[in-house]
>>> print(open('work.pdb').read())   # PDB, C-alpha atoms, pLDDT in the B column
ATOM      1  CA  MET A   1       0.000   0.000   0.000  1.00 89.00           C
ATOM      2  CA  GLU A   2       0.976   3.591  -0.553  1.00 94.00           C
ATOM      3  CA  PRO A   3       1.747   5.606   2.628  1.00 92.00           C
ATOM      4  CA  LEU A   4      -1.591   7.440   2.557  1.00 92.00           C
ATOM      5  CA  GLU A   5      -3.419   4.144   2.068  1.00 94.00           C
ATOM      6  CA  GLN A   6      -1.616   2.773   5.129  1.00 96.00           C
ATOM      7  CA  ILE A   7      -2.761   5.762   7.183  1.00 95.00           C
ATOM      8  CA  VAL A   8      -6.353   5.371   6.028  1.00 95.00           C
ATOM      9  CA  ALA A   9      -6.292   1.613   6.685  1.00 96.00           C
ATOM     10  CA  GLY A  10      -5.044   2.238  10.220  1.00 95.00           C
ATOM     11  CA  ILE A  11      -7.815   4.745  10.865  1.00 96.00           C
ATOM     12  CA  VAL A  12     -10.437   2.366   9.469  1.00 96.00           C
ATOM     13  CA  MET A  13      -9.126  -0.381  11.758  1.00 96.00           C
ATOM     14  CA  GLN A  14      -9.618   1.938  14.749  1.00 95.00           C
ATOM     15  CA  HIS A  15     -13.277   2.373  13.819  1.00 96.00           C
ATOM     16  CA  PRO A  16     -14.983  -1.034  13.700  1.00 96.00           C
ATOM     17  CA  GLU A  17     -18.330   0.731  13.994  1.00 93.00           C
ATOM     18  CA  TYR A  18     -17.889   1.798  10.365  1.00 93.00           C
ATOM     19  CA  HIS A  19     -16.749  -1.531   8.915  1.00 94.00           C
ATOM     20  CA  SER A  20     -20.197  -2.738   7.832  1.00 92.00           C
ATOM     21  CA  LEU A  21     -20.872   0.590   6.142  1.00 89.00           C
ATOM     22  CA  LEU A  22     -17.555   0.510   4.309  1.00 91.00           C
ATOM     23  CA  LYS A  23     -18.234  -3.009   3.054  1.00 92.00           C
ATOM     24  CA  ASP A  24     -21.475  -1.825   1.423  1.00 90.00           C
ATOM     25  CA  GLU A  25     -20.377   0.814  -1.098  1.00 86.00           C
ATOM     26  CA  ASP A  26     -23.899   1.449  -2.401  1.00 87.00           C
ATOM     27  CA  ARG A  27     -25.236   2.104   1.100  1.00 85.00           C
ATOM     28  CA  ALA A  28     -22.264   4.315   1.962  1.00 83.00           C
ATOM     29  CA  LEU A  29     -22.811   6.451  -1.122  1.00 84.00           C
ATOM     30  CA  GLU A  30     -26.581   6.707  -0.629  1.00 86.00           C
ATOM     31  CA  GLU A  31     -26.496   7.813   3.007  1.00 85.00           C
ATOM     32  CA  ASP A  32     -27.127  11.457   3.810  1.00 85.00           C
ATOM     33  CA  TYR A  33     -25.150  12.360   6.912  1.00 84.00           C
ATOM     34  CA  THR A  34     -26.999  15.409   8.188  1.00 83.00           C
ATOM     35  CA  PRO A  35     -26.711  16.765  11.745  1.00 79.00           C
ATOM     36  CA  GLU A  36     -30.421  16.097  12.217  1.00 84.00           C
ATOM     37  CA  ARG A  37     -29.709  12.374  12.182  1.00 84.00           C
ATOM     38  CA  GLY A  38     -27.812  12.771  15.433  1.00 82.00           C
ATOM     39  CA  GLU A  39     -24.850  10.666  14.365  1.00 82.00           C
ATOM     40  CA  PRO A  40     -21.492  11.646  12.959  1.00 85.00           C
ATOM     41  CA  ASN A  41     -20.595  11.475   9.308  1.00 90.00           C
ATOM     42  CA  PRO A  42     -18.156   8.539   9.273  1.00 93.00           C
ATOM     43  CA  PHE A  43     -16.239   9.919   6.302  1.00 93.00           C
ATOM     44  CA  LEU A  44     -15.831  13.333   7.886  1.00 93.00           C
ATOM     45  CA  HIS A  45     -14.831  11.685  11.163  1.00 94.00           C
ATOM     46  CA  MET A  46     -12.148   9.523   9.571  1.00 96.00           C
ATOM     47  CA  SER A  47     -10.967  12.480   7.481  1.00 96.00           C
ATOM     48  CA  MET A  48     -10.464  14.450  10.666  1.00 96.00           C
ATOM     49  CA  HIS A  49      -8.210  11.646  11.907  1.00 97.00           C
ATOM     50  CA  ILE A  50      -6.179  12.023   8.704  1.00 97.00           C
ATOM     51  CA  VAL A  51      -5.904  15.741   9.456  1.00 96.00           C
ATOM     52  CA  MET A  52      -4.671  14.921  12.966  1.00 97.00           C
ATOM     53  CA  HIS A  53      -2.034  12.609  11.511  1.00 96.00           C
ATOM     54  CA  GLU A  54      -0.899  15.316   9.077  1.00 96.00           C
ATOM     55  CA  GLN A  55      -0.768  17.984  11.782  1.00 97.00           C
ATOM     56  CA  LEU A  56       1.338  15.813  14.041  1.00 97.00           C
ATOM     57  CA  THR A  57       3.634  14.714  11.227  1.00 96.00           C
ATOM     58  CA  THR A  58       4.239  18.243   9.959  1.00 97.00           C
ATOM     59  CA  ASP A  59       3.909  20.053  13.311  1.00 98.00           C
ATOM     60  CA  ARG A  60       1.449  22.459  11.799  1.00 96.00           C
ATOM     61  CA  PRO A  61       0.376  24.635  13.434  1.00 97.00           C
ATOM     62  CA  ALA A  62       3.828  25.003  14.907  1.00 97.00           C
ATOM     63  CA  GLY A  63       3.964  23.475  18.369  1.00 97.00           C
ATOM     64  CA  VAL A  64       0.980  21.142  18.015  1.00 98.00           C
ATOM     65  CA  ALA A  65       3.191  18.034  18.075  1.00 98.00           C
ATOM     66  CA  ASP A  66       4.823  19.105  21.348  1.00 97.00           C
ATOM     67  CA  VAL A  67       1.444  19.847  22.922  1.00 98.00           C
ATOM     68  CA  TYR A  68       0.171  16.462  21.733  1.00 98.00           C
ATOM     69  CA  ARG A  69       3.163  14.657  23.272  1.00 97.00           C
ATOM     70  CA  SER A  70       2.682  16.500  26.565  1.00 97.00           C
ATOM     71  CA  LEU A  71      -1.026  15.592  26.701  1.00 98.00           C
ATOM     72  CA  LEU A  72      -0.719  11.972  25.582  1.00 97.00           C
ATOM     73  CA  PRO A  73       0.163  10.499  29.027  1.00 97.00           C
ATOM     74  CA  LYS A  74      -3.092  11.956  30.413  1.00 96.00           C
ATOM     75  CA  PHE A  75      -5.256   9.869  28.077  1.00 97.00           C
ATOM     76  CA  ALA A  76      -6.058   6.181  27.833  1.00 96.00           C
ATOM     77  CA  SER A  77      -5.081   6.185  24.162  1.00 95.00           C
ATOM     78  CA  ALA A  78      -3.787   8.367  21.359  1.00 96.00           C
ATOM     79  CA  HIS A  79      -7.129   7.806  19.663  1.00 95.00           C
ATOM     80  CA  GLU A  80      -8.982   9.380  22.584  1.00 96.00           C
ATOM     81  CA  LEU A  81      -6.691  12.421  22.537  1.00 97.00           C
ATOM     82  CA  GLU A  82      -7.176  12.792  18.783  1.00 97.00           C
ATOM     83  CA  HIS A  83     -10.926  12.924  19.330  1.00 96.00           C
ATOM     84  CA  ARG A  84     -10.498  15.744  21.816  1.00 97.00           C
ATOM     85  CA  MET A  85      -8.225  17.615  19.415  1.00 98.00           C
ATOM     86  CA  MET A  86     -10.747  17.072  16.642  1.00 97.00           C
ATOM     87  CA  ASP A  87     -13.342  18.875  18.773  1.00 96.00           C
ATOM     88  CA  CYS A  88     -11.034  21.911  18.859  1.00 98.00           C
ATOM     89  CA  LEU A  89     -10.419  21.712  15.136  1.00 97.00           C
ATOM     90  CA  ALA A  90     -14.126  21.403  14.372  1.00 95.00           C
ATOM     91  CA  GLU A  91     -14.853  24.502  16.442  1.00 97.00           C
ATOM     92  CA  VAL A  92     -12.157  26.549  14.702  1.00 97.00           C
ATOM     93  CA  LEU A  93     -13.314  25.372  11.273  1.00 96.00           C
ATOM     94  CA  TRP A  94     -16.933  26.194  12.114  1.00 95.00           C
ATOM     95  CA  GLU A  95     -15.953  29.710  13.243  1.00 97.00           C
ATOM     96  CA  SER A  96     -13.884  30.154  10.108  1.00 97.00           C
ATOM     97  CA  GLU A  97     -16.778  29.126   7.898  1.00 96.00           C
ATOM     98  CA  ARG A  98     -19.243  31.281   9.801  1.00 96.00           C
ATOM     99  CA  ASN A  99     -16.990  34.341   9.651  1.00 97.00           C
ATOM    100  CA  ARG A 100     -15.658  33.618   6.167  1.00 97.00           C
ATOM    101  CA  THR A 101     -12.078  33.809   7.378  1.00 97.00           C
ATOM    102  CA  VAL A 102      -9.115  31.479   7.309  1.00 96.00           C
ATOM    103  CA  PRO A 103      -8.963  29.065  10.248  1.00 96.00           C
ATOM    104  CA  ASP A 104      -7.195  30.645  13.207  1.00 96.00           C
ATOM    105  CA  GLU A 105      -4.242  28.409  14.036  1.00 97.00           C
ATOM    106  CA  ALA A 106      -3.498  30.272  17.273  1.00 97.00           C
ATOM    107  CA  THR A 107      -7.043  29.769  18.548  1.00 97.00           C
ATOM    108  CA  TYR A 108      -6.866  26.098  17.614  1.00 98.00           C
ATOM    109  CA  LEU A 109      -3.531  25.626  19.394  1.00 97.00           C
ATOM    110  CA  GLU A 110      -4.828  27.405  22.507  1.00 97.00           C
ATOM    111  CA  CYS A 111      -7.866  25.129  22.565  1.00 98.00           C
ATOM    112  CA  VAL A 112      -5.652  22.049  22.264  1.00 98.00           C
ATOM    113  CA  LYS A 113      -3.432  23.290  25.103  1.00 97.00           C
ATOM    114  CA  LYS A 114      -6.501  23.501  27.362  1.00 97.00           C
ATOM    115  CA  ILE A 115      -7.528  19.878  26.829  1.00 96.00           C
ATOM    116  CA  THR A 116      -7.579  17.970  30.101  1.00 84.00           C
TER     117      THR A 116
END
>>> encode(input="work.pdb", output="structure tokens")
Amino acid sequence: MEPLEQIVAGIVMQHPEYHSLLKDEDRALEEDYTPERGEPNPFLHMSMHIVMHEQLTTDRPAGVADVYRSLLPKFASAHELEHRMMDCLAEVLWESERNRTVPDEATYLECVKKIT
């Protein structure tokens, strides 16, 4: 597998709740993942994990990898910490979309630093 395929495969393996959906391509493509359904969009969720991987690999925003390493011992798993970081990222992206501005890396990093 290519490196990106390896990353995606690892993320899929961490999410057995999506395996049946991913095995049924027609169903996966037909689903409409709206907030009103009250469940996350599995493709958005797994994409956010890819973003986390890229942020930690590239240390962008600058310092995020150090913050991640400092927080990791406080969590049961890296996966759990990624979910918390994804909450910060989602908030910053939502604000960016709402205000029609670029995502604020400083605000995101501050949010991540406050994770407990």
>>> closest_residue(input="work.pdb", among="A:Tyr108, A:Leu4, A:Glu95, A:Gly10", to="Arg60 (chain A)", atoms="all atoms listed in the file")
A:Tyr108
>>> closest_residue(input="work.pdb", among="A:Met86, A:Glu91, A:Thr116, A:Gln55", to="Leu72 (chain A)", atoms="all atoms listed in the file")
A:Thr116
>>> resolve_selection(input="work.pdb", expression="the PyMOL selection byres ((chain A and resi 82) around 12)", output="ChimeraX atom specification")
/A:11,14,45-56,64-65,67-69,71-72,75-81,83-90,112,115
>>> atom_distance(input="work.pdb", atom1="CA of Glu5 (chain A)", atom2="CA of His19 (chain A)")
16.0 Å
>>> closest_residue(input="work.pdb", among="A:Lys114, A:Gly63, A:Arg27, A:Tyr18", to="Leu44 (chain A)", atoms="all atoms listed in the file")
A:Tyr18
>>> atom_distance(input="work.pdb", atom1="CA of Gly38 (chain A)", atom2="CA of Leu22 (chain A)")
19.5 Å
>>> axis_aligned_box(input="work.pdb", around="region 3-22 of chain A", padding_each_side="3 Å", output="AutoDock Vina command-line options")
--center_x -9.6 --center_y 2.4 --center_z 8.4 --size_x 28.6 --size_y 16.2 --size_z 18.7
>>> atom_distance(input="work.pdb", atom1="CA of Asp32 (chain A)", atom2="CA of Arg100 (chain A)")
25.1 Å
>>> closest_residue(input="work.pdb", among="A:Met13, A:Met1, A:Val92, A:Leu29", to="Ala106 (chain A)", atoms="all atoms listed in the file")
A:Val92
>>> closest_residue(input="work.pdb", among="A:Val8, A:Asn99, A:Lys74, A:Trp94", to="Phe43 (chain A)", atoms="only C-alpha atoms")
A:Val8
>>> closest_residue(input="work.pdb", among="A:Val12, A:Leu109, A:Leu93, A:Ile7", to="Thr57 (chain A)", atoms="all atoms listed in the file")
A:Ile7
>>> decode(input="work.pdb", residues="region 46-70 of chain A", atoms="N, CA, C and O atoms", output="mmCIF file, in the first residue's frame")
data_model
loop_
_atom_site.group_PDB
_atom_site.id
_atom_site.type_symbol
_atom_site.label_atom_id
_atom_site.label_comp_id
_atom_site.auth_asym_id
_atom_site.auth_seq_id
_atom_site.Cartn_x
_atom_site.Cartn_y
_atom_site.Cartn_z
ATOM 1 N N MET A 46 -13.422 10.150 9.918
ATOM 2 C CA MET A 46 -12.148 9.523 9.571
ATOM 3 C C MET A 46 -11.220 10.512 8.872
ATOM 4 O O MET A 46 -9.997 10.457 9.057
ATOM 5 N N SER A 47 -11.789 11.440 8.114
ATOM 6 C CA SER A 47 -10.967 12.480 7.481
ATOM 7 C C SER A 47 -10.313 13.371 8.528
ATOM 8 O O SER A 47 -9.163 13.798 8.361
ATOM 9 N N MET A 48 -11.039 13.645 9.583
ATOM 10 C CA MET A 48 -10.464 14.450 10.666
ATOM 11 C C MET A 48 -9.279 13.720 11.305
ATOM 12 O O MET A 48 -8.299 14.352 11.710
ATOM 13 N N HIS A 49 -9.366 12.406 11.398
ATOM 14 C CA HIS A 49 -8.210 11.646 11.907
ATOM 15 C C HIS A 49 -7.016 11.785 10.963
ATOM 16 O O HIS A 49 -5.870 11.882 11.428
ATOM 17 N N ILE A 50 -7.271 11.808 9.665
ATOM 18 C CA ILE A 50 -6.179 12.023 8.704
ATOM 19 C C ILE A 50 -5.559 13.397 8.931
ATOM 20 O O ILE A 50 -4.330 13.549 8.927
ATOM 21 N N VAL A 51 -6.393 14.393 9.171
ATOM 22 C CA VAL A 51 -5.904 15.741 9.456
ATOM 23 C C VAL A 51 -5.024 15.713 10.711
ATOM 24 O O VAL A 51 -3.948 16.325 10.736
ATOM 25 N N MET A 52 -5.477 15.012 11.739
ATOM 26 C CA MET A 52 -4.671 14.921 12.966
ATOM 27 C C MET A 52 -3.306 14.314 12.658
ATOM 28 O O MET A 52 -2.276 14.816 13.110
ATOM 29 N N HIS A 53 -3.295 13.249 11.884
ATOM 30 C CA HIS A 53 -2.034 12.609 11.511
ATOM 31 C C HIS A 53 -1.122 13.606 10.787
ATOM 32 O O HIS A 53 0.073 13.711 11.101
ATOM 33 N N GLU A 54 -1.687 14.349 9.839
ATOM 34 C CA GLU A 54 -0.899 15.316 9.077
ATOM 35 C C GLU A 54 -0.385 16.442 9.968
ATOM 36 O O GLU A 54 0.762 16.873 9.834
ATOM 37 N N GLN A 55 -1.211 16.917 10.875
ATOM 38 C CA GLN A 55 -0.768 17.984 11.782
ATOM 39 C C GLN A 55 0.403 17.521 12.635
ATOM 40 O O GLN A 55 1.375 18.253 12.815
ATOM 41 N N LEU A 56 0.291 16.312 13.156
ATOM 42 C CA LEU A 56 1.338 15.813 14.041
ATOM 43 C C LEU A 56 2.613 15.481 13.282
ATOM 44 O O LEU A 56 3.712 15.648 13.805
ATOM 45 N N THR A 57 2.478 15.039 12.052
ATOM 46 C CA THR A 57 3.634 14.714 11.227
ATOM 47 C C THR A 57 4.382 15.967 10.782
ATOM 48 O O THR A 57 5.608 15.983 10.743
ATOM 49 N N THR A 58 3.635 17.016 10.473
ATOM 50 C CA THR A 58 4.239 18.243 9.959
ATOM 51 C C THR A 58 4.430 19.321 11.025
ATOM 52 O O THR A 58 5.023 20.361 10.749
ATOM 53 N N ASP A 59 3.904 19.066 12.221
ATOM 54 C CA ASP A 59 3.909 20.053 13.311
ATOM 55 C C ASP A 59 3.328 21.384 12.849
ATOM 56 O O ASP A 59 3.891 22.450 13.036
ATOM 57 N N ARG A 60 2.158 21.269 12.264
ATOM 58 C CA ARG A 60 1.449 22.459 11.799
ATOM 59 C C ARG A 60 0.059 22.469 12.378
ATOM 60 O O ARG A 60 -0.680 21.524 12.127
ATOM 61 N N PRO A 61 -0.374 23.433 13.131
ATOM 62 C CA PRO A 61 0.376 24.635 13.434
ATOM 63 C C PRO A 61 1.600 24.344 14.310
ATOM 64 O O PRO A 61 1.616 23.360 15.062
ATOM 65 N N ALA A 62 2.569 25.192 14.185
ATOM 66 C CA ALA A 62 3.828 25.003 14.907
ATOM 67 C C ALA A 62 3.562 24.819 16.403
ATOM 68 O O ALA A 62 2.841 25.606 17.009
ATOM 69 N N GLY A 63 4.113 23.757 16.944
ATOM 70 C CA GLY A 63 3.964 23.475 18.369
ATOM 71 C C GLY A 63 2.913 22.426 18.685
ATOM 72 O O GLY A 63 2.876 21.897 19.795
ATOM 73 N N VAL A 64 2.059 22.086 17.733
ATOM 74 C CA VAL A 64 0.980 21.142 18.015
ATOM 75 C C VAL A 64 1.530 19.760 18.380
ATOM 76 O O VAL A 64 0.972 19.077 19.244
ATOM 77 N N ALA A 65 2.623 19.357 17.768
ATOM 78 C CA ALA A 65 3.191 18.034 18.075
ATOM 79 C C ALA A 65 3.708 17.987 19.506
ATOM 80 O O ALA A 65 3.528 16.980 20.203
ATOM 81 N N ASP A 66 4.336 19.062 19.964
ATOM 82 C CA ASP A 66 4.823 19.105 21.348
ATOM 83 C C ASP A 66 3.662 19.084 22.339
ATOM 84 O O ASP A 66 3.720 18.386 23.360
ATOM 85 N N VAL A 67 2.625 19.831 22.046
ATOM 86 C CA VAL A 67 1.444 19.847 22.922
ATOM 87 C C VAL A 67 0.828 18.451 22.967
ATOM 88 O O VAL A 67 0.477 17.949 24.039
ATOM 89 N N TYR A 68 0.715 17.823 21.817
ATOM 90 C CA TYR A 68 0.171 16.462 21.733
ATOM 91 C C TYR A 68 0.989 15.510 22.618
ATOM 92 O O TYR A 68 0.422 14.756 23.424
ATOM 93 N N ARG A 69 2.307 15.550 22.470
ATOM 94 C CA ARG A 69 3.163 14.657 23.272
ATOM 95 C C ARG A 69 3.024 14.926 24.763
ATOM 96 O O ARG A 69 3.051 14.002 25.567
ATOM 97 N N SER A 70 2.832 16.181 25.139
ATOM 98 C CA SER A 70 2.682 16.500 26.565
ATOM 99 C C SER A 70 1.333 16.034 27.118
ATOM 100 O O SER A 70 1.221 15.697 28.291
#
